[in-house]
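Remarks on the structure that follows.
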Amino acid sequence: MYSYKVIKMHMADALISPAVGAGMLAATTGIALYSIKKVQNLENHKVPLMAVMGAFVFAAQMINFSIPGTSSSGHLGGGLLLAILLGPYAGFLTMASVLIIQALFFADGGLLALGCNIFNLGFYSCFIIYPLIYRVLVNKKPSTARLFTGTLIAAVIGLQLGAFSVVLETFVSGRTELPFSSFVLLMQPIHLAIGIVEGLVTASIVSFVWKARPEIIEHTNSAGGISVSRVLAAFALAAILTGGVLSWFASKQPDGLEWSTAKVSGSEQLASNGPIHKMLSAAQAKIAFLPDYSFKAGSESPAVEQAKWPAVNGGTSFAGLIGGIMTLLLAGLAGLGIMYVKKFRKAKALVE
Amino acid sequence: MSHHIIEVKNLDYVYPDGKQALKNISFRVTHGESVGIIGLNGAGKSTLLMHLNGVLFPTGGEVSIGEVAVQKSTLPVIRQHVGFIFQNPDDQLFMSTVYDDVAFGPRNYKLSESEVEKRVLSALDTVGIAHLRNRPPYKLSEGEKRAAAIASILSMSPDILVMDEPSSSLDPSSRRRLIKLLHSFKHTRIIASHDLDMVLEICERTIVIKNGEILADDATLKIFENEELLAISGLEKPFCMQNCPVCAAGRDVKKSV
Amino acid sequence: MPTIAESLNNIRLLDELSGQATLVHRLHPLAKLLTTLSFLIITVSFGKYDLSAMLPLILYPVALMIAGDIPFAPLFKRMLIISPLAIGLGIFNPFFDRAPLIILPWLQISGGWVSFTVIMLKFVLTALAALILVATTGITGIASALRTLRIPKIFVMQLILTYRYIALLLEEVARILLAYSLRSPFSKGVHFSAWGSLSGQLLIKTHLRAQRVYESMLCRGFTGEYNTGSLKKFSWTDLAYFTGFTLFFITVRQADIPVKIGVLITDLIK
């Protein structure tokens with residue numbers, strides 16, 4: 001009844017750079033704070049409803065929905081469903097909570113990557129797809145056919161946007177060698193299939209609930225819907241700008257990274273170059289970089305990479321290897337040391 | 001509030017879908033009384049209880065607690081004095097630890113954290129689960145959850161306790177502990193239950209509800225001795241009274257199988 | 001995706017671990033949260049090929065797991081379950097990046113394999129950091145850390161409530177799926193005809209529960225403002241913990257410690 005979900009959209013910390021992580025966290029926090037303000041003005045009963053619906057989505061993600069005609073099954077993501085049930089703002093916050101709990105308790109998606117994940121899985125479905133596509137296609141009293149097609153289209157587009165964001169975020173982070181075009185060709189078709197399943201499952205649920213208890217489906221007025229889109233187009237723009245500006249400092253040169261990490265962790269120990277100097281040189285490098293960054297064919301990369309990491313000669317490699325082994329041994333010794341200290345203290349406490 | 005007398009006068013309630021749930025309900029409960037509310041499923045017991053602290057409002061008639069009418073505007077005061085314990089403890093234990101759940105009420109009254117702690121620990125002690133204060137609710141047994149739910153109301157120091165099926169799903173020893181506890185309370189107690197033996201033990205007075213109306217309102221023992229009344233209302237004698245040699249002619253349980 | 005039973009056990013285990021009383025557990029939740037964040041940022045900031053330079057970071061999770069009495073095996077199991085995502089993308093690196101990077105007298109390792117190993121190492125470190133944070137802090141600790149950061153109460157409350165009901169909903173889903181599977185012995189998942197009704201009924205039940213929870217909150221004096229109790233004070237120990245570890249991380253980032261050690265040793269040998 002339960003199966004492995006190998007293709008997930010949750011991004012791991014290992015695949016992003018600090019700039020992408022920080023940038024997306026900033027964008028997501030901004031959207032979340034705005035949503036909180038909006039939700040606070042609504043009725044009080046929203047919060048337990050949001051929480052229990054979030055728990056529902058979390059649990060429902062474990063259900064195997066058999067795809068007719070195949071032996072495989074699909075799963076529910078839930079972003080669109082939450083938007084339909086709770087409205088865009090509450091839906092977004094609920095999705096955010098679910099993802100936070102998944103990241104903390106299940107390491108499903110990294111903590112730094114939370115901004116990316118909440119954005120990819122929540123922002124699009126709640127603020128772009130729901131008002132612009134779902135509400136437009138599915139009006140107040142939809143027929144079953146209209147409901148299904150509308151939800152299907154909404155889910156598919158939402159997932160395509162989310163998947164494409166994953167590609168962009170991974171690519172800008174520069175941790176994987178997979179060329180942009182290959183990555184896109186890999187992600188988009190798979191998420192087309194996932195989107196279709198998501199759309200059909202969401203539609204089945206909404207259709208059932210609509211017939212049984214229509215009052216559960218959120219009825220926001222359309223006037224509110226329009227201003228939502230305008231405001232959120234602005235947010236999307238801000239998010240892209242933030243990501244872009246911060247990724248300037250995620251230049252491939254280690255200096256830029258050290259500068260940004262030192263700045264973020266608030267340490268006084270900066271390298272001899274002042275921060276402003278670094279900023280300017282990173283900016284300059286970025287402008288030169290841009291053509292490089294966007295079209296990275298597979299064959300180009302080794303040459304490009306070698307140029308940037310000069311002189312990796314045999315001597316350094318060997319030293320690195322020895323040093324690496326020593327470091328692991330030292331870490332192990334430190335661990336043992338802590339264990340003995342603890343045992344000693346426990347024994348001492350028992351005696352006293 | 002004059003000794004928190006519960007006064008229900010000609011209470012009517014019609015569901016949003018048009019069904020009449022309660023018809024012309026009238027009764028009066030004085031301070032310290034322990035009243036059982038019995039009847040079939042769907043007779044209206046829970047609906048009646050929900051009028052006592054303003055979860056539902058009557059479509060006709062009036063409910064007042066200590067001469068304060070139960071209305072939207074008086075709810076904060078009413079709820080300070082009337083503690084409601086729901087049927088399903090999982091609906092009441094919504095925080096991540098027992099302590100936080102029991103502290104929820106006092107914290108809402110903006111008491112200082114030290115006062116909150118005093119109340120919480122005292123409530124937990126009363127129900128006997130002080131050792132579970134940091135446990136998350138999903139790790140509690142049914143009996144422990146029930147105790148925690150009761151504690152979460154006790155910490156608000158109510159004068160009146162309203163309970164919906166408090167002994168359901170409890171194992172015998174948890175049930176016995178619950179009965180002992182409820183027996184020890186000095187609060188006014190209103191208990192809706194199918195557990196007729198418990199009602200017999202702790203309620204001096206019982207109200208029988210059928211189809212949304214009061215069929216009888218009398219001393220508990222008188223009600224349970226009235227076989228005709230019990231038959232009409234779809235009930236039976238409490239198990240301890242069936243086949244009883246003293247009050248004679250109890251229903252022969254074997255015959256019905 | 002693991003089974004529901006595994007997920008429930010995972011939650012229970014982390015919950016139990018977070019209830020321990022070691023030195024690490026007694027630290028202020030905000031200190032632990034911030035230290036975890038600085039660890040993550042530094043770990044993730046390492047370049048594609050900085051494999052050896054990263055190694056000293058292992059000290060952080062190892063130290064915390066030992067000092068915090070956190071068993072490695074269940075965390076390791078959890079990481080295995082979620083590793084496909086990192087492996088799935090990282091595994092392309094060795095294919096596209098073949099130029100040799102590490103040249104030893106007897107072996108040549110391509111850049112792609114190095115960067116893949118770096119990704120896997122980062123994955124292990126970041127996943128461990130998150131799980132250790134929860135195992136030493138718990139959801140209530142994290143909630144109070146968020147409150148200290150002035151995150152609005154309404155959101156923190158919603159997070160706590162969501163967590164509380166996840167265990168319950170998981171059990172309900174498990175029950176429904178068991179009932180379904182007992183009556184459909186040949187199917188591996190929910191049939192299309194039941195997609196809507198099975199999940200829809202669960203959804204409606206959930207919605208009704210939410211109403212009851214809200215009612216019970218009202219009955220306990222809830223007026224719209226959430227109160228989560230007083231906040232712990234940040235002590236000097238907490239500050240020392242945070243600054244100490246962060247300085248360590250930065251040192252690891254700035255100075256390639258393993259290479260330095262290696263050079264030291266090779267010099268001694270010579």
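If you're wondering about the labels, chains in the structure tokens are A, B, ... by order shown, residues count from 1 in each chain, ligands from 1 in order shown.
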
Using DSSP on the backbone coordinates, identify all residues within region 12-133 of chain A classified as helix (DSSP H, G or I); present the result as a ChimeraX atom specification. /A:13-15,18-40,46-60,79-86,88-106,114-133

Write down, as a PyMOL selection string, each residue of chain A that has any atom within 12 Å of an atom of chain B, counting only C-alpha atoms. chain A and resi 47-48+51-52

Using N, CA and C atoms, can you write the selected residues to a file as an mmCIF file, in the first residue's frame?
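This went into selection_11.cif:
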```
data_model
loop_
_atom_site.group_PDB
_atom_site.id
_atom_site.type_symbol
_atom_site.label_atom_id
_atom_site.label_comp_id
_atom_site.auth_asym_id
_atom_site.auth_seq_id
_atom_site.Cartn_x
_atom_site.Cartn_y
_atom_site.Cartn_z
ATOM 1 N N VAL A 47 -6.992 29.104 12.216
ATOM 2 C CA VAL A 47 -5.730 28.474 12.615
ATOM 3 C C VAL A 47 -5.850 26.983 12.903
ATOM 4 N N PRO A 48 -6.805 26.549 13.729
ATOM 5 C CA PRO A 48 -6.895 25.092 13.879
ATOM 6 C C PRO A 48 -7.237 24.420 12.554
ATOM 7 N N ALA A 51 -4.060 24.085 10.593
ATOM 8 C CA ALA A 51 -3.186 23.072 11.179
ATOM 9 C C ALA A 51 -3.673 21.667 10.831
ATOM 10 N N VAL A 52 -4.971 21.433 11.007
ATOM 11 C CA VAL A 52 -5.473 20.084 10.781
ATOM 12 C C VAL A 52 -5.421 19.736 9.296
#
```

Review point. His51 (chain B): which residues within 10 Å, counting only C-alpha atoms, same-chain residues fewer than 6 positions away excluded, as a PyMOL selection string?
Key: chain B and resi 8+11+13+57-58+62-64+70

For the residues in that selection, give me C-alpha atoms as an mmCIF file, in the first residue's frame.
```
data_model
loop_
_atom_site.group_PDB
_atom_site.id
_atom_site.type_symbol
_atom_site.label_atom_id
_atom_site.label_comp_id
_atom_site.auth_asym_id
_atom_site.auth_seq_id
_atom_site.Cartn_x
_atom_site.Cartn_y
_atom_site.Cartn_z
ATOM 1 C CA VAL B 8 -32.982 26.222 31.208
ATOM 2 C CA LEU B 11 -35.250 25.594 25.171
ATOM 3 C CA TYR B 13 -33.100 24.104 18.983
ATOM 4 C CA PHE B 57 -27.399 29.075 20.931
ATOM 5 C CA PRO B 58 -31.101 28.246 21.269
ATOM 6 C CA GLU B 62 -33.317 30.685 27.180
ATOM 7 C CA VAL B 63 -30.347 29.325 29.080
ATOM 8 C CA SER B 64 -28.873 31.186 32.009
ATOM 9 C CA VAL B 70 -25.872 32.699 27.846
#
```

List every residue of chain B that has an atom at most 10 Å from any atom of chain C, giving for each one its closest atom pair and the distance in Å to one decimal, counting only C-alpha atoms, sorted by chain and then by ascending residue number, as a Markdown table.
```
| residue | atom | partner | partner_atom | distance |
| --- | --- | --- | --- | --- |
| B:Asn53 | CA | C:Cys219 | CA | 7.5 |
| B:Gly54 | CA | C:Cys219 | CA | 8.4 |
| B:Val55 | CA | C:Glu215 | CA | 6.9 |
| B:Leu75 | CA | C:Gly221 | CA | 8.7 |
| B:Pro76 | CA | C:Gly221 | CA | 6.4 |
| B:Val77 | CA | C:Gly221 | CA | 9.0 |
| B:Ile78 | CA | C:Cys219 | CA | 9.3 |
| B:Arg79 | CA | C:Cys219 | CA | 5.9 |
| B:Gln80 | CA | C:Gly221 | CA | 7.2 |
| B:Val82 | CA | C:Cys219 | CA | 8.5 |
| B:Gly83 | CA | C:Cys219 | CA | 7.2 |
| B:Phe84 | CA | C:Cys219 | CA | 6.8 |
| B:Ile85 | CA | C:Ser216 | CA | 8.3 |
| B:Phe86 | CA | C:Ser216 | CA | 7.6 |
| B:Asn88 | CA | C:Arg212 | CA | 9.2 |
| B:Pro89 | CA | C:Val213 | CA | 9.8 |
| B:Asp90 | CA | C:Val213 | CA | 8.4 |
| B:Asp91 | CA | C:Val213 | CA | 4.9 |
| B:Gln92 | CA | C:Ser216 | CA | 5.7 |
| B:Leu93 | CA | C:Val213 | CA | 8.3 |
| B:Phe94 | CA | C:Leu161 | CA | 6.3 |
| B:Met95 | CA | C:Leu161 | CA | 6.2 |
| B:Ser96 | CA | C:Arg164 | CA | 5.5 |
| B:Thr97 | CA | C:Thr140 | CA | 8.5 |
| B:Asp100 | CA | C:Thr228 | CA | 7.9 |
| B:Asp101 | CA | C:Met217 | CA | 10.0 |
| B:Val102 | CA | C:Arg220 | CA | 9.7 |
| B:Ala103 | CA | C:Gly229 | CA | 8.5 |
| B:Phe104 | CA | C:Arg220 | CA | 7.2 |
| B:Gly105 | CA | C:Arg220 | CA | 4.8 |
| B:Pro106 | CA | C:Arg220 | CA | 8.3 |
| B:Arg107 | CA | C:Asn227 | CA | 6.2 |
| B:Asn108 | CA | C:Gly221 | CA | 5.8 |
| B:Tyr109 | CA | C:Gly221 | CA | 7.0 |
| B:Lys110 | CA | C:Asn227 | CA | 8.4 |
| B:Ser112 | CA | C:Gly229 | CA | 9.1 |
| B:Glu113 | CA | C:Gly229 | CA | 6.7 |
| B:Ser114 | CA | C:Ser230 | CA | 9.9 |
| B:Val116 | CA | C:Gly229 | CA | 9.1 |
| B:Asn134 | CA | C:Gly19 | CA | 8.2 |
| B:Arg135 | CA | C:Gly19 | CA | 9.0 |
| B:Pro136 | CA | C:Arg164 | CA | 8.0 |
| B:Pro137 | CA | C:Arg164 | CA | 8.0 |
| B:Tyr138 | CA | C:Ala167 | CA | 6.9 |
| B:Lys139 | CA | C:Arg12 | CA | 8.4 |
| B:Ser152 | CA | C:Arg220 | CA | 8.4 |
| B:Ile153 | CA | C:Arg220 | CA | 7.2 |
| B:Ser155 | CA | C:Arg220 | CA | 9.8 |
| B:Met156 | CA | C:Arg220 | CA | 7.7 |
```

*Picked from region 32-191 of chain C by DSSP as strand (DSSP E or B), as a list of chain:residue names*: C:Pro100, C:Leu101, C:Ile102, C:Ile103, C:Leu104, C:Leu107, C:Gln108, C:Ile109, C:Ser110, C:Val190

With C-alpha atoms kept, could you save the residues just selected as a tab-separated table (two decimals), in the first residue's frame?
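And here's selection.tsv as it stands now:
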```tsv
chain	number	residue	atom	x	y	z
C	100	PRO	CA	41.53	14.09	-13.46
C	101	LEU	CA	41.64	16.22	-10.36
C	102	ILE	CA	43.43	14.19	-7.73
C	103	ILE	CA	46.64	12.76	-9.03
C	104	LEU	CA	48.35	10.26	-6.80
C	107	LEU	CA	45.59	6.51	-8.82
C	108	GLN	CA	43.83	9.26	-10.75
C	109	ILE	CA	40.43	10.48	-9.60
C	110	SER	CA	38.33	12.62	-11.90
C	190	VAL	CA	-6.17	3.01	-4.02
```

All residues 8 Å or closer to region 72-83 of chain C, only C-alpha atoms, same chain fewer than 5 positions away omitted, as a VMD selection string: (chain A and resid 106 to 108) or (chain C and resid 1 to 2 65 123 to 124 127 to 128 131)

Report as number ranges by chain all protein, DNA and RNA residues lying within 8 Å of Ile202 (chain B), evaluated on only C-alpha atoms, omitting residues in the same chain fewer than 3 positions from it. B: 34, 179, 182-183, 198-199

Judged by only C-alpha atoms, the minimum distance to chain A among C:Val114, C:Tyr60, C:Lys205, C:Pro258 is found for C:Pro258

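Those residues that approach Phe92 (chain C) to within 10 Å, counting only C-alpha atoms, are A:Thr176, A:Glu177, A:Leu178, A:Pro179, A:Phe183, C:Ile87, C:Asp97, C:Gly112, C:Trp113, C:Phe116; same-chain residues fewer than 5 positions away are not listed.
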
Tell me which of C:Phe234, C:Phe155, C:Tyr180, C:His207 sits closest to Ala96 (chain A), counting only C-alpha atoms.
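Result for the nearest residue to Ala96 (chain A): C:Phe155.
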
Note to self: To one decimal place in Å, what is the distance between CA of Leu182 (chain C) and CA of Ser169 (chain B)?
What the structure shows: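 Separating CA of Leu182 (chain C) from CA of Ser169 (chain B) is a distance of 24.7 Å.
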
- Counting only C-alpha atoms, what is within 12 Å of Ile154 (chain C), bar same-chain residues fewer than 4 positions away, as a PyMOL selection string? (chain A and resi 32-33+35-42+44-48+50-51+90+93-94+97) or (chain C and resi 143+146-147+150+158-161+224-228)

Write the residues you've just listed into a file as a JSON list (two decimals), in the first residue's frame, and include C-alpha atoms for each of them.
```json
[["chain", "number", "residue", "atom", "x", "y", "z"],
["A", 32, "ALA", "CA", 5.00, 34.45, 4.61],
["A", 33, "LEU", "CA", 4.96, 37.59, 6.75],
["A", 35, "SER", "CA", 0.35, 36.14, 4.34],
["A", 36, "ILE", "CA", 0.35, 36.12, 8.14],
["A", 37, "LYS", "CA", -0.87, 39.67, 8.19],
["A", 38, "LYS", "CA", -3.63, 38.76, 5.79],
["A", 39, "VAL", "CA", -4.67, 35.71, 7.78],
["A", 40, "GLN", "CA", -4.72, 37.57, 11.08],
["A", 41, "ASN", "CA", -7.50, 39.73, 9.79],
["A", 42, "LEU", "CA", -9.67, 36.75, 8.93],
["A", 44, "ASN", "CA", -10.19, 33.02, 14.24],
["A", 45, "HIS", "CA", -11.23, 29.52, 13.40],
["A", 46, "LYS", "CA", -8.74, 29.53, 10.56],
["A", 47, "VAL", "CA", -5.73, 28.47, 12.62],
["A", 48, "PRO", "CA", -6.90, 25.09, 13.88],
["A", 50, "MET", "CA", -5.03, 25.32, 8.76],
["A", 51, "ALA", "CA", -3.19, 23.07, 11.18],
["A", 90, "ALA", "CA", -3.70, 30.37, 4.59],
["A", 93, "LEU", "CA", 1.31, 29.20, 5.36],
["A", 94, "THR", "CA", -0.07, 25.69, 5.83],
["A", 97, "SER", "CA", 4.38, 24.47, 8.03],
["C", 143, "ALA", "CA", 8.67, 26.98, 18.53],
["C", 146, "LEU", "CA", 11.01, 31.08, 16.59],
["C", 147, "ARG", "CA", 9.07, 33.18, 19.11],
["C", 150, "ARG", "CA", 9.74, 37.51, 16.87],
["C", 158, "GLN", "CA", -0.15, 26.80, 13.70],
["C", 159, "LEU", "CA", 3.16, 24.95, 13.44],
["C", 160, "ILE", "CA", 2.68, 23.39, 16.87],
["C", 161, "LEU", "CA", -0.89, 22.39, 16.12],
["C", 224, "GLY", "CA", -7.91, 35.06, 19.21],
["C", 225, "GLU", "CA", -4.58, 35.69, 20.86],
["C", 226, "TYR", "CA", -2.27, 32.80, 21.36],
["C", 227, "ASN", "CA", -0.21, 32.51, 24.52],
["C", 228, "THR", "CA", 2.70, 30.18, 24.54]]
```

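When CA of Val127 (chain B) is paired with CA of Ala148 (chain B), their separation reads 7.6 Å.
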
Chain A proximity check over C:His191, C:Lys233, C:Lys270, C:Lys153, using only C-alpha atoms: winner is C:His191
